[in-house]
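K.L.:
Hey, dropping entry.txt in here, compact mmCIF, C-alpha atoms:
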# COMPACT_ATOMS: atom_id res chain seq x y z
CA MET A 1315 52.87 84.73 -13.84
CA ASP A 1316 49.19 84.11 -14.05
CA GLY A 1317 46.64 86.88 -13.64
CA TYR A 1318 45.46 88.51 -10.47
CA HIS A 1319 43.00 86.44 -8.50
CA PHE A 1320 40.18 88.50 -7.10
CA TYR A 1321 39.19 87.45 -3.63
CA PHE A 1322 36.17 89.31 -2.35
CA ALA A 1323 35.10 86.84 0.39
CA PRO A 1324 36.71 88.70 3.34
CA ILE A 1325 34.99 91.90 2.23
CA TRP A 1326 31.56 90.31 1.86
CA ALA A 1327 32.04 88.92 5.37
CA THR A 1328 31.90 92.50 6.65
CA LEU A 1329 28.70 93.36 4.78
CA PRO A 1330 26.80 94.50 7.93
CA ASP A 1331 29.62 96.95 8.65
CA ILE A 1332 29.49 98.20 5.08
CA TYR A 1333 25.73 98.79 5.33
CA ALA A 1334 26.19 100.67 8.60
CA ALA A 1335 29.03 102.79 7.18
CA THR A 1336 26.98 103.61 4.07
CA GLY A 1337 24.15 104.70 6.35
CA VAL A 1338 26.46 106.96 8.35
CA ALA A 1339 27.91 108.51 5.17
CA ALA A 1340 24.40 109.11 3.82
CA LEU A 1341 23.29 110.66 7.12
CA VAL A 1342 26.33 112.97 7.19
CA ALA A 1343 25.66 113.94 3.56
CA VAL A 1344 21.93 114.61 3.95
CA THR A 1345 22.31 116.59 7.20
CA SER A 1346 25.16 118.68 5.77
CA MET A 1347 23.25 119.35 2.55
CA ALA A 1348 20.13 120.51 4.41
CA LEU A 1349 22.16 122.80 6.71
CA ALA A 1350 24.27 124.13 3.81
CA LEU A 1351 21.11 124.98 1.88
CA VAL A 1352 19.60 126.81 4.87
CA ILE A 1353 22.85 128.68 5.63
CA GLY A 1354 23.48 129.54 1.98
CA THR A 1355 19.93 130.73 1.30
CA ALA A 1356 19.86 132.84 4.47
CA ALA A 1357 23.25 134.39 3.67
CA ALA A 1358 22.23 135.09 0.06
CA LEU A 1359 18.98 136.79 1.17
CA ALA A 1360 20.91 138.78 3.79
CA ALA A 1361 23.39 139.96 1.15
CA GLU A 1362 20.57 140.83 -1.26
CA TYR A 1363 18.38 142.78 1.16
CA GLY A 1364 20.71 143.66 4.03
CA GLY A 1365 22.60 146.88 4.57
CA ARG A 1366 26.21 147.54 3.69
CA ARG A 1367 27.54 145.98 6.85
CA VAL A 1368 25.59 142.76 6.33
CA LYS A 1369 26.88 142.53 2.74
CA VAL A 1370 30.48 142.82 3.94
CA LEU A 1371 29.83 140.21 6.62
CA VAL A 1372 28.43 137.74 4.06
CA ALA A 1373 31.38 138.41 1.72
CA VAL A 1374 33.85 137.70 4.55
CA TYR A 1375 32.00 134.47 5.39
CA VAL A 1376 32.04 133.30 1.76
CA GLU A 1377 35.77 134.00 1.32
CA ALA A 1378 36.64 132.43 4.67
CA MET A 1379 34.91 129.24 3.51
CA ARG A 1380 36.06 129.10 -0.12
CA ASN A 1381 39.74 129.70 0.47
CA SER A 1382 40.64 126.86 2.82
CA PRO A 1383 40.01 123.09 2.82
CA SER A 1384 36.92 121.77 4.60
CA LEU A 1385 39.27 119.59 6.69
CA VAL A 1386 40.66 122.78 8.27
CA LYS A 1387 37.19 123.77 9.45
CA MET A 1388 36.62 120.22 10.68
CA TYR A 1389 39.75 120.29 12.84
CA PHE A 1390 39.00 123.85 13.91
CA ILE A 1391 35.62 122.77 15.28
CA PHE A 1392 36.74 119.41 16.67
CA LEU A 1393 40.19 120.35 18.04
CA GLY A 1394 39.89 124.12 18.35
CA LEU A 1395 36.56 124.68 20.07
CA PRO A 1396 37.46 122.52 23.12
CA SER A 1397 39.90 125.32 24.03
CA LEU A 1398 36.81 127.50 24.48
CA GLY A 1399 35.04 124.86 26.57
CA LEU A 1400 32.88 123.50 23.74
CA PHE A 1401 33.12 119.79 23.00
CA PRO A 1402 31.25 118.95 19.77
CA SER A 1403 30.94 115.26 18.86
CA PRO A 1404 32.90 113.94 15.83
CA PHE A 1405 29.64 113.56 13.86
CA TRP A 1406 28.46 117.12 14.46
CA SER A 1407 31.94 118.57 13.99
CA GLY A 1408 32.06 116.95 10.58
CA VAL A 1409 28.50 117.88 9.62
CA ILE A 1410 28.83 121.52 10.74
CA ALA A 1411 32.19 121.91 8.99
CA LEU A 1412 30.80 120.49 5.74
CA ALA A 1413 27.66 122.63 6.06
CA LEU A 1414 29.60 125.85 6.70
CA HIS A 1415 32.19 125.13 3.99
CA ASN A 1416 29.65 124.26 1.30
CA GLY A 1417 27.25 126.92 2.59
CA GLY A 1418 29.77 129.41 1.20
CA TYR A 1419 29.36 127.93 -2.27
CA VAL A 1420 25.57 127.72 -1.88
CA THR A 1421 25.49 131.43 -0.94
CA GLU A 1422 27.13 132.40 -4.23
CA ILE A 1423 24.90 130.06 -6.25
CA VAL A 1424 21.64 131.22 -4.64
CA ARG A 1425 22.72 134.87 -5.12
CA GLY A 1426 23.04 134.11 -8.82
CA GLY A 1427 19.56 132.59 -8.73
CA LEU A 1428 18.10 135.63 -6.91
CA ALA A 1429 19.66 137.94 -9.49
CA ALA A 1430 17.96 135.96 -12.27
CA VAL A 1431 14.46 136.57 -10.86
CA ASN A 1432 12.79 139.53 -12.54
CA ARG A 1433 12.44 142.56 -10.23
CA THR A 1434 9.03 143.35 -11.68
CA GLU A 1435 7.70 140.17 -10.05
CA VAL A 1436 8.64 141.55 -6.64
CA GLN A 1437 6.86 144.82 -7.47
CA ALA A 1438 3.83 142.93 -8.76
CA ALA A 1439 3.73 140.92 -5.53
CA ALA A 1440 3.94 144.12 -3.48
CA SER A 1441 1.06 145.64 -5.44
CA LEU A 1442 -0.98 142.53 -4.68
CA GLY A 1443 -0.40 143.07 -0.99
CA PHE A 1444 2.28 140.39 -0.40
CA GLY A 1445 4.56 140.99 2.57
CA TRP A 1446 8.34 140.51 2.24
CA LEU A 1447 8.34 137.01 3.70
CA ASP A 1448 5.43 135.84 1.52
CA THR A 1449 7.03 137.35 -1.57
CA GLN A 1450 10.26 135.50 -0.89
CA ARG A 1451 8.62 132.24 0.07
CA SER A 1452 6.09 131.89 -2.69
CA ILE A 1453 7.48 133.99 -5.56
CA VAL A 1454 11.22 134.74 -5.46
CA LEU A 1455 12.81 131.71 -3.79
CA PRO A 1456 11.01 128.99 -5.78
CA GLN A 1457 12.26 130.57 -9.01
CA ALA A 1458 15.72 131.43 -7.68
CA LEU A 1459 16.30 127.92 -6.33
CA ARG A 1460 15.01 126.45 -9.59
CA TYR A 1461 17.56 128.50 -11.55
CA ALA A 1462 20.23 127.43 -9.08
CA LEU A 1463 19.28 123.74 -9.07
CA PRO A 1464 21.92 122.38 -11.51
CA SER A 1465 24.73 124.12 -9.60
CA LEU A 1466 23.24 123.09 -6.26
CA THR A 1467 23.26 119.48 -7.49
CA ASN A 1468 27.01 119.78 -8.13
CA VAL A 1469 27.55 121.00 -4.57
CA GLY A 1470 25.47 118.08 -3.30
CA VAL A 1471 27.64 115.62 -5.21
CA GLU A 1472 30.76 117.23 -3.71
CA ILE A 1473 29.24 116.95 -0.23
CA ILE A 1474 28.59 113.22 -0.73
CA LYS A 1475 32.23 112.73 -1.71
CA ASP A 1476 33.46 115.01 1.09
CA THR A 1477 31.73 112.91 3.75
CA SER A 1478 34.89 110.79 3.46
CA PHE A 1479 36.81 113.60 5.26
CA THR A 1480 34.86 112.96 8.45
CA SER A 1481 36.90 109.76 8.84
CA ALA A 1482 39.64 112.14 10.04
CA LEU A 1483 37.51 112.64 13.17
CA ALA A 1484 36.94 108.85 13.45
CA VAL A 1485 33.33 109.04 12.23
CA LYS A 1486 32.71 105.46 11.20
CA GLU A 1487 31.72 106.13 7.59
CA LEU A 1488 32.85 104.43 4.38
CA PHE A 1489 36.42 105.68 4.14
CA TYR A 1490 37.03 104.91 7.81
CA LEU A 1491 35.91 101.34 7.14
CA MET A 1492 38.09 101.18 4.01
CA THR A 1493 41.29 101.88 5.93
CA ALA A 1494 40.22 99.52 8.69
CA LEU A 1495 39.60 96.72 6.18
CA VAL A 1496 43.01 97.17 4.53
CA SER A 1497 44.79 96.12 7.69
CA SER A 1498 42.36 93.31 8.51
CA THR A 1499 41.96 91.77 5.03
CA LEU A 1500 44.96 93.05 2.98
CA ARG A 1501 42.75 92.99 -0.17
CA SER A 1502 43.23 96.65 -1.05
CA PHE A 1503 42.29 96.37 -4.74
CA GLU A 1504 39.01 94.61 -3.98
CA ILE A 1505 38.29 97.17 -1.25
CA LEU A 1506 38.91 99.97 -3.74
CA ILE A 1507 36.50 98.46 -6.26
CA VAL A 1508 33.70 97.88 -3.74
CA PHE A 1509 33.89 101.25 -1.99
CA ALA A 1510 34.53 103.34 -5.09
CA GLY A 1511 31.45 101.57 -6.45
CA ILE A 1512 29.37 102.56 -3.41
CA TYR A 1513 30.41 106.22 -3.70
CA PHE A 1514 29.70 106.10 -7.43
CA VAL A 1515 26.22 104.70 -6.88
CA MET A 1516 25.45 107.28 -4.18
CA THR A 1517 26.56 110.28 -6.26
CA THR A 1518 24.86 108.95 -9.41
CA LEU A 1519 21.57 108.24 -7.62
CA PHE A 1520 21.62 111.73 -6.14
CA ALA A 1521 22.42 113.39 -9.47
CA VAL A 1522 19.73 111.42 -11.30
CA ALA A 1523 17.15 112.22 -8.60
CA MET A 1524 17.95 115.94 -8.86
CA LYS A 1525 17.75 115.75 -12.64
CA LEU A 1526 14.26 114.27 -12.29
CA VAL A 1527 13.26 117.14 -10.00
CA GLU A 1528 14.67 119.53 -12.61
CA LEU A 1529 12.64 117.93 -15.39
CA ARG A 1530 9.46 117.81 -13.36
CA THR A 1531 9.45 121.35 -11.98
CA PRO A 1532 6.98 123.24 -14.15
CA TRP A 1533 8.38 126.77 -13.82
CA LYS A 1534 11.35 127.93 -15.86
CA MET B 682 45.47 130.78 27.82
CA PRO B 683 48.79 129.37 26.72
CA SER B 684 51.62 131.82 26.33
CA ILE B 685 52.43 133.50 23.03
CA GLY B 686 55.99 132.28 23.49
CA SER B 687 55.11 128.58 23.21
CA LEU B 688 53.04 129.34 20.14
CA ILE B 689 55.96 131.12 18.49
CA SER B 690 58.24 128.18 19.25
CA LEU B 691 55.91 126.01 17.12
CA LEU B 692 56.16 128.28 14.11
CA PRO B 693 59.27 126.70 12.51
CA LEU B 694 57.54 123.28 12.46
CA LEU B 695 54.35 124.73 11.01
CA VAL B 696 56.27 126.66 8.37
CA LYS B 697 58.06 123.47 7.37
CA GLY B 698 54.73 121.65 7.03
CA PHE B 699 53.34 124.53 5.02
CA GLY B 700 56.37 124.22 2.74
CA VAL B 701 55.45 120.59 2.01
CA THR B 702 51.87 121.67 1.26
CA LEU B 703 53.07 124.34 -1.18
CA LEU B 704 55.52 121.88 -2.78
CA LEU B 705 52.73 119.32 -3.30
CA ALA B 706 50.41 122.01 -4.68
CA GLY B 707 53.13 123.27 -7.05
CA LEU B 708 54.03 119.78 -8.30
CA SER B 709 50.44 118.70 -8.83
CA ILE B 710 49.46 121.97 -10.54
CA GLY B 711 52.59 121.89 -12.76
CA PHE B 712 52.39 118.26 -13.87
CA GLY B 713 48.59 118.31 -13.78
CA THR B 714 48.55 121.20 -16.24
CA ILE B 715 50.92 119.38 -18.63
CA PHE B 716 48.97 116.08 -18.49
CA GLY B 717 45.66 117.93 -18.41
CA LEU B 718 46.49 119.83 -21.61
CA LEU B 719 47.57 116.62 -23.37
CA LEU B 720 44.57 114.59 -22.18
CA GLY B 721 42.15 117.45 -22.80
CA SER B 722 43.40 117.85 -26.39
CA LEU B 723 43.02 114.10 -26.87
CA TYR B 724 39.55 114.25 -25.35
CA ALA B 725 38.49 117.03 -27.73
CA TRP B 726 40.26 115.90 -30.88
CA GLY B 727 40.88 112.17 -30.47
CA SER B 728 39.21 109.33 -32.32
CA ARG B 729 35.86 108.09 -31.10
CA LEU B 730 37.56 105.20 -29.25
CA VAL B 731 39.98 107.51 -27.41
CA ARG B 732 37.16 109.83 -26.44
CA ALA B 733 35.01 106.96 -25.17
CA LEU B 734 37.94 105.59 -23.19
CA LEU B 735 38.71 108.96 -21.60
CA PHE B 736 35.02 109.49 -20.83
CA VAL B 737 34.83 106.20 -18.94
CA LEU B 738 38.08 106.95 -17.12
CA VAL B 739 37.10 110.47 -16.09
CA THR B 740 33.65 109.30 -15.00
CA ILE B 741 35.21 106.65 -12.76
CA VAL B 742 37.91 108.88 -11.30
CA ARG B 743 35.67 111.89 -10.71
CA GLY B 744 32.99 109.68 -9.16
CA MET B 745 35.41 108.82 -6.36
CA PRO B 746 36.21 111.08 -3.42
CA VAL B 747 39.78 112.44 -3.57
CA VAL B 748 40.71 110.37 -0.52
CA VAL B 749 39.74 107.20 -2.40
CA GLN B 750 41.94 108.23 -5.34
CA VAL B 751 44.81 108.80 -2.93
CA PHE B 752 43.98 105.45 -1.30
CA ALA B 753 44.53 103.75 -4.67
CA VAL B 754 48.08 105.11 -4.92
CA PHE B 755 48.93 104.54 -1.25
CA PHE B 756 47.45 101.08 -0.73
CA VAL B 757 46.67 99.42 -4.04
CA LEU B 758 49.88 100.06 -5.98
CA PRO B 759 52.16 98.74 -3.19
CA ALA B 760 50.20 95.45 -3.29
CA TYR B 761 51.68 95.00 -6.79
CA GLY B 762 55.19 95.83 -5.70
CA ILE B 763 55.06 99.48 -6.81
CA LYS B 764 56.29 101.38 -3.78
CA PHE B 765 57.05 105.07 -3.35
CA SER B 766 57.83 107.26 -0.39
CA ALA B 767 54.86 108.96 1.29
CA VAL B 768 55.57 112.37 -0.26
CA THR B 769 56.06 110.86 -3.75
CA SER B 770 52.83 108.88 -3.43
CA ALA B 771 51.06 112.06 -2.37
CA ALA B 772 52.49 113.96 -5.33
CA ILE B 773 51.48 111.19 -7.75
CA SER B 774 47.92 110.91 -6.46
CA LEU B 775 47.39 114.68 -6.38
CA THR B 776 48.81 114.96 -9.91
CA LEU B 777 46.32 112.34 -11.08
CA PHE B 778 43.51 114.29 -9.47
CA ALA B 779 44.72 117.57 -11.01
CA SER B 780 45.22 116.00 -14.46
CA PHE B 781 41.63 114.80 -14.70
CA THR B 782 40.21 118.05 -13.32
CA ILE B 783 42.26 120.11 -15.79
CA MET B 784 41.51 117.72 -18.64
CA GLU B 785 37.80 118.53 -18.31
CA ILE B 786 38.50 122.27 -18.24
CA VAL B 787 40.72 122.00 -21.35
CA ARG B 788 38.17 119.95 -23.24
CA GLY B 789 35.45 122.48 -22.40
CA GLY B 790 37.69 125.34 -23.51
CA ILE B 791 38.56 123.70 -26.83
CA GLU B 792 34.95 122.80 -27.55
CA ALA B 793 33.91 126.39 -26.85
CA VAL B 794 35.95 127.51 -29.89
CA PRO B 795 33.76 127.19 -33.01
CA ARG B 796 34.87 124.34 -35.29
CA GLU B 797 34.80 126.66 -38.29
CA GLN B 798 37.89 128.43 -36.93
CA PHE B 799 39.85 125.20 -37.24
CA GLN B 800 38.53 124.54 -40.73
CA ALA B 801 39.24 128.13 -41.81
CA ALA B 802 42.82 127.78 -40.56
CA LEU B 803 43.24 124.54 -42.54
CA SER B 804 41.93 126.22 -45.70
CA LEU B 805 44.49 129.00 -45.19
CA GLY B 806 47.23 126.40 -45.37
CA PHE B 807 47.85 125.72 -41.66
CA SER B 808 48.80 122.17 -40.78
CA ASN B 809 46.60 120.25 -38.34
CA VAL B 810 48.98 120.88 -35.45
CA GLY B 811 49.56 124.48 -36.52
CA ALA B 812 45.85 125.21 -36.62
CA MET B 813 45.41 123.71 -33.16
CA THR B 814 48.34 125.42 -31.49
CA THR B 815 48.13 128.86 -33.12
CA VAL B 816 44.40 129.27 -33.77
CA VAL B 817 42.28 127.11 -31.47
CA LEU B 818 44.36 126.72 -28.27
CA PRO B 819 45.08 130.44 -27.66
CA GLN B 820 41.36 131.18 -27.84
CA ALA B 821 40.49 128.14 -25.75
CA MET B 822 43.07 129.25 -23.19
CA ARG B 823 41.22 132.50 -22.66
CA SER B 824 37.98 130.82 -21.65
CA MET B 825 39.90 128.25 -19.58
CA MET B 826 41.85 130.75 -17.46
CA PRO B 827 39.15 131.52 -14.84
CA SER B 828 38.82 127.79 -14.04
CA LEU B 829 42.54 127.05 -14.39
CA VAL B 830 43.74 129.55 -11.80
CA ASN B 831 41.70 127.79 -9.18
CA GLN B 832 42.64 127.33 -5.55
CA ALA B 833 41.07 123.84 -5.60
CA MET B 834 44.45 122.09 -5.96
CA VAL B 835 45.98 123.92 -2.99
CA LYS B 836 43.03 122.87 -0.86
CA ALA B 837 43.07 119.31 -2.20
CA THR B 838 46.61 118.75 -0.87
CA SER B 839 45.17 118.68 2.66
CA VAL B 840 43.65 115.21 2.11
CA VAL B 841 47.06 113.50 2.12
CA SER B 842 47.32 114.39 5.82
CA LEU B 843 44.96 111.43 6.33
CA PHE B 844 47.72 109.19 4.95
CA GLY B 845 50.40 110.39 7.32
CA VAL B 846 52.15 112.75 4.91
CA THR B 847 53.76 115.43 7.06
CA GLU B 848 52.22 118.42 5.31
CA PHE B 849 50.69 121.48 6.96
CA LEU B 850 47.51 119.98 8.39
CA TYR B 851 49.26 116.82 9.65
CA VAL B 852 51.94 118.83 11.43
CA ALA B 853 49.26 121.12 12.88
CA LYS B 854 47.29 118.15 14.21
CA GLU B 855 50.44 116.62 15.69
CA GLN B 856 51.28 119.84 17.49
CA ILE B 857 47.72 120.20 18.78
CA GLU B 858 47.94 116.73 20.30
CA ARG B 859 51.23 117.73 21.94
CA THR B 860 50.37 121.24 23.13
CA LEU B 861 46.53 121.24 23.26
CA MET B 862 46.53 124.70 21.65
CA GLY B 863 43.85 123.63 19.15
CA PHE B 864 42.16 126.98 18.76
CA GLU B 865 45.34 129.00 18.19
CA ILE B 866 47.02 126.52 15.85
CA MET B 867 43.93 125.92 13.72
CA ALA B 868 43.36 129.67 13.47
CA ILE B 869 46.91 130.03 12.12
CA VAL B 870 46.34 127.16 9.67
CA TRP B 871 43.06 128.66 8.48
CA VAL B 872 44.63 132.09 7.91
CA ALA B 873 47.69 130.59 6.15
CA TYR B 874 45.58 128.64 3.63
CA THR B 875 43.46 131.73 3.01
CA LEU B 876 46.55 133.88 2.38
CA VAL B 877 47.61 131.53 -0.42
CA CYS B 878 44.18 130.76 -1.87
CA TYR B 879 42.54 134.19 -1.75
CA PRO B 880 44.92 135.82 -4.27
CA LEU B 881 44.23 132.92 -6.64
CA THR B 882 40.48 133.46 -6.21
CA VAL B 883 40.91 137.16 -6.99
CA LEU B 884 43.04 136.38 -10.04
CA GLY B 885 40.43 133.91 -11.28
CA ARG B 886 37.75 136.57 -10.88
CA TRP B 887 39.89 139.05 -12.83
CA PHE B 888 40.17 136.59 -15.73
CA GLU B 889 36.42 136.01 -15.55
CA ALA B 890 35.67 139.75 -15.64
CA ARG B 891 38.01 140.16 -18.61
CA LEU B 892 36.20 137.36 -20.41
CA LYS B 893 32.84 138.92 -19.64
CA ALA B 894 34.05 142.25 -21.03
CA ARG B 895 34.61 140.43 -24.32
CA GLY B 896 31.04 139.20 -24.25
CA GLN B 897 31.98 135.60 -23.46
CA THR B 898 31.06 133.58 -20.42
CA ALA B 899 33.37 131.46 -18.34
CA LEU B 900 33.12 127.69 -18.36
CA ALA B 901 31.39 126.18 -15.40
CA SER B 902 34.09 125.49 -12.85
CA ALA B 903 34.94 121.80 -13.03
CA GLY B 904 36.22 121.32 -9.50
CA LEU B 905 34.95 123.16 -6.48
Can you turn what I pasted into structure tokens?

P.N.:
Amino acid sequence: MDGYHFYFAPIWATLPDIYAATGVAALVAVTSMALALVIGTAAALAAEYGGRRVKVLVAVYVEAMRNSPSLVKMYFIFLGLPSLGLFPSPFWSGVIALALHNGGYVTEIVRGGLAAVNRTEVQAAASLGFGWLDTQRSIVLPQALRYALPSLTNVGVEIIKDTSFTSALAVKELFYLMTALVSSTLRSFEILIVFAGIYFVMTTLFAVAMKLVELRTPWK
Amino acid sequence: MPSIGSLISLLPLLVKGFGVTLLLAGLSIGFGTIFGLLLGSLYAWGSRLVRALLFVLVTIVRGMPVVVQVFAVFFVLPAYGIKFSAVTSAAISLTLFASFTIMEIVRGGIEAVPREQFQAALSLGFSNVGAMTTVVLPQAMRSMMPSLVNQAMVKATSVVSLFGVTEFLYVAKEQIERTLMGFEIMAIVWVAYTLVCYPLTVLGRWFEARLKARGQTALASAGL
């Protein structure tokens, strides 16, 4: 037997599809990350400053997200909500499920960041006449998010990888294209190399970019 | 609203699917722990070449989404004549995923034990293996526990539903397509996963609190 002959030609022939799928995956990732950050930060602030009932509510949300796969939330939104007369598109079902699921992790991480900010800074801000919103926006959150940045980067990397789950809802992203190409080209090993490479480049670029932000942010 | 009766009639199917999910989780956690301990020890104690090799391997594997790892077992191996049943393929791919996740946790745990402990054990007459198994590993284990009792593996099993393995989520989706009771069935699925995973989360937190009481901090969780 002679060695395996790599044959990438049928995959390169679909290059426009690969570009499009990469774009969709990136769009799903970026939208989910932004929403997860907003949800997580809001929930963390609510737990920090809210009353007892709000704290319990946030805790229930976090546990409901952490203790089941994100695919379950995806199907719940895509297949479950139509029973209530709501018909979200595959793209938004996937994005909202990823945002809610990872928002649970972001909540915990941002809470850790908030706890690391010195209370005296809040008191100093109050004595300078800062309102609550201004204190949060210009004093507490920048520091809290900076503390949380390395962990937030990890969540971001997970979100990029988890965009592959949206193929379950027939969102035409990278993994969806992978399975489609297997049946049309039968070059599964080459497909694995190319697409694993794309995911690797995306997660690495993101992680490096966040590392640069980390190194360049002046406060510590 | 569909009747409660038709929902109850679906329960045996769902329970069977949930059984497959628990079986896959058990197999991948069991074998993953064995391989993870072996690989993690190699990663921490091996020669420079072994460490470099494992670093490259873990970087590649953990840079891929889980579905792509499963894809490799389901689609790439059969192209070379290595064929397994769907459930076996699922178990193999999830074990691979678990092994690499646990390997990182084990390596972190071992490296958290000061090297002097190992050297002190050697100077007291312990053999290499003896020093590792009776001095270093028990201490490493303690800092590994919060990350080891992780619900991540139970949740990860759900990805094999994309490959037609008849586990919980696949069965649920099938029944939704048949009965259109999406809301009710997915609510059941959500609650069932939570019932299994939440106790594990609580246990992990207990280990973490115990560690903190000793003045140590837990390792950063390797897999979310």

K.L.:
For the atom pair CA of Tyr1490 in chain A and CA of Phe1320 in chain A, what is the interatomic distance in Å to one decimal place?

P.N.:
22.4 Å

K.L.:
From the list A:Lys1475, A:Lys1525, A:His1415, A:Lys1387, which residue is nearest Ala1510 in chain A when using all atoms listed in the file?

P.N.:
A:Lys1475

K.L.:
By how many Å are CA of Ser1452 in chain A and CA of Met1347 in chain A apart?

P.N.:
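Here the two named atoms are 21.9 Å from each other.
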
K.L.:
Within 10 Å of (24.7, 118.4, 2.3) (file coordinates; all atoms listed in the file), which protein or nucleic acid residues are there? I'd like them as a JSON list (two decimals) with C-alpha atoms, in the frame of the given file.

P.N.:
[["chain", "number", "residue", "atom", "x", "y", "z"],
["A", 1340, "ALA", "CA", 24.40, 109.11, 3.82],
["A", 1341, "LEU", "CA", 23.29, 110.66, 7.12],
["A", 1342, "VAL", "CA", 26.33, 112.97, 7.19],
["A", 1343, "ALA", "CA", 25.66, 113.94, 3.56],
["A", 1344, "VAL", "CA", 21.93, 114.61, 3.95],
["A", 1345, "THR", "CA", 22.31, 116.59, 7.20],
["A", 1346, "SER", "CA", 25.16, 118.68, 5.77],
["A", 1347, "MET", "CA", 23.25, 119.35, 2.55],
["A", 1348, "ALA", "CA", 20.13, 120.51, 4.41],
["A", 1349, "LEU", "CA", 22.16, 122.80, 6.71],
["A", 1350, "ALA", "CA", 24.27, 124.13, 3.81],
["A", 1351, "LEU", "CA", 21.11, 124.98, 1.88],
["A", 1409, "VAL", "CA", 28.50, 117.88, 9.62],
["A", 1410, "ILE", "CA", 28.83, 121.52, 10.74],
["A", 1412, "LEU", "CA", 30.80, 120.49, 5.74],
["A", 1413, "ALA", "CA", 27.66, 122.63, 6.06],
["A", 1414, "LEU", "CA", 29.60, 125.85, 6.70],
["A", 1416, "ASN", "CA", 29.65, 124.26, 1.30],
["A", 1417, "GLY", "CA", 27.25, 126.92, 2.59],
["A", 1466, "LEU", "CA", 23.24, 123.09, -6.26],
["A", 1467, "THR", "CA", 23.26, 119.48, -7.49],
["A", 1469, "VAL", "CA", 27.55, 121.00, -4.57],
["A", 1470, "GLY", "CA", 25.47, 118.08, -3.30],
["A", 1471, "VAL", "CA", 27.64, 115.62, -5.21],
["A", 1472, "GLU", "CA", 30.76, 117.23, -3.71],
["A", 1473, "ILE", "CA", 29.24, 116.95, -0.23],
["A", 1474, "ILE", "CA", 28.59, 113.22, -0.73],
["A", 1476, "ASP", "CA", 33.46, 115.01, 1.09],
["A", 1477, "THR", "CA", 31.73, 112.91, 3.75]]

K.L.:
For Lys836 in chain B, which residue among A:Thr1336, A:Thr1531, A:Ser1384, A:Thr1328 is the nearest when counting all atoms listed in the file?

P.N.:
A:Ser1384

K.L.:
Which residues come within 12 Å of Val1515 in chain A, counting all atoms listed in the file, excluding same-chain residues fewer than 2 positions away, as a list in words?

P.N.:
Thr1336, Ala1340, Val1471, Ile1474, Lys1475, Val1508, Phe1509, Ala1510, Gly1511, Ile1512, Tyr1513, Thr1517, Thr1518, Leu1519, Phe1520, Ala1521, Val1522 and Ala1523 of chain A; Thr740, Ile741, Gly744 and Met745 of chain B

K.L.:
Can you check which residues of chain B have any atom within 6 Å of chain A? Use all atoms listed in the file and format it as a count of residues only.

P.N.:
12

K.L.:
Name the residues within 8 Å of (48.6, 106.1, -2.7), counting all atoms listed in the file in the file's coordinates, and put them as a PyMOL selection string.

P.N.:
chain B and resi 750-758+767+770-771+773-774

K.L.:
State, in Å with one decimal place, the distance from CA of Thr782 in chain B to CA of Leu704 in chain B.

P.N.:
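For CA of Thr782 in chain B relative to CA of Leu704 in chain B, the distance reads 19.0 Å.
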
K.L.:
Nearest to Gly790 in chain B: which of B:Thr714, B:Thr815, B:Ser687, B:Ser824 is it, counting all atoms listed in the file?

P.N.:
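Result for the nearest residue to Gly790 in chain B: B:Ser824.
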
K.L.:
Write out as a tab-separated table (two decimals) with C-alpha atoms, in the coordinates of the input the residues lying within 12 Å of range 828-830 of chain B, counting all atoms listed in the file and excluding same-chain residues fewer than 4 positions away.

P.N.:
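Generated output (part_22.tsv):
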chain	number	residue	atom	x	y	z
B	710	ILE	CA	49.46	121.97	-10.54
B	711	GLY	CA	52.59	121.89	-12.76
B	713	GLY	CA	48.59	118.31	-13.78
B	714	THR	CA	48.55	121.20	-16.24
B	717	GLY	CA	45.66	117.93	-18.41
B	718	LEU	CA	46.49	119.83	-21.61
B	779	ALA	CA	44.72	117.57	-11.01
B	780	SER	CA	45.22	116.00	-14.46
B	782	THR	CA	40.21	118.05	-13.32
B	783	ILE	CA	42.26	120.11	-15.79
B	784	MET	CA	41.51	117.72	-18.64
B	785	GLU	CA	37.80	118.53	-18.31
B	786	ILE	CA	38.50	122.27	-18.24
B	787	VAL	CA	40.72	122.00	-21.35
B	789	GLY	CA	35.45	122.48	-22.40
B	790	GLY	CA	37.69	125.34	-23.51
B	821	ALA	CA	40.49	128.14	-25.75
B	822	MET	CA	43.07	129.25	-23.19
B	823	ARG	CA	41.22	132.50	-22.66
B	824	SER	CA	37.98	130.82	-21.65
B	834	MET	CA	44.45	122.09	-5.96
B	835	VAL	CA	45.98	123.92	-2.99
B	878	CYS	CA	44.18	130.76	-1.87
B	879	TYR	CA	42.54	134.19	-1.75
B	880	PRO	CA	44.92	135.82	-4.27
B	881	LEU	CA	44.23	132.92	-6.64
B	882	THR	CA	40.48	133.46	-6.21
B	883	VAL	CA	40.91	137.16	-6.99
B	884	LEU	CA	43.04	136.38	-10.04
B	885	GLY	CA	40.43	133.91	-11.28
B	886	ARG	CA	37.75	136.57	-10.88
B	887	TRP	CA	39.89	139.05	-12.83
B	888	PHE	CA	40.17	136.59	-15.73
B	889	GLU	CA	36.42	136.01	-15.55
B	892	LEU	CA	36.20	137.36	-20.41
B	898	THR	CA	31.06	133.58	-20.42
B	899	ALA	CA	33.37	131.46	-18.34
B	900	LEU	CA	33.12	127.69	-18.36
B	901	ALA	CA	31.39	126.18	-15.40
B	902	SER	CA	34.09	125.49	-12.85
B	903	ALA	CA	34.94	121.80	-13.03
B	904	GLY	CA	36.22	121.32	-9.50
B	905	LEU	CA	34.95	123.16	-6.48
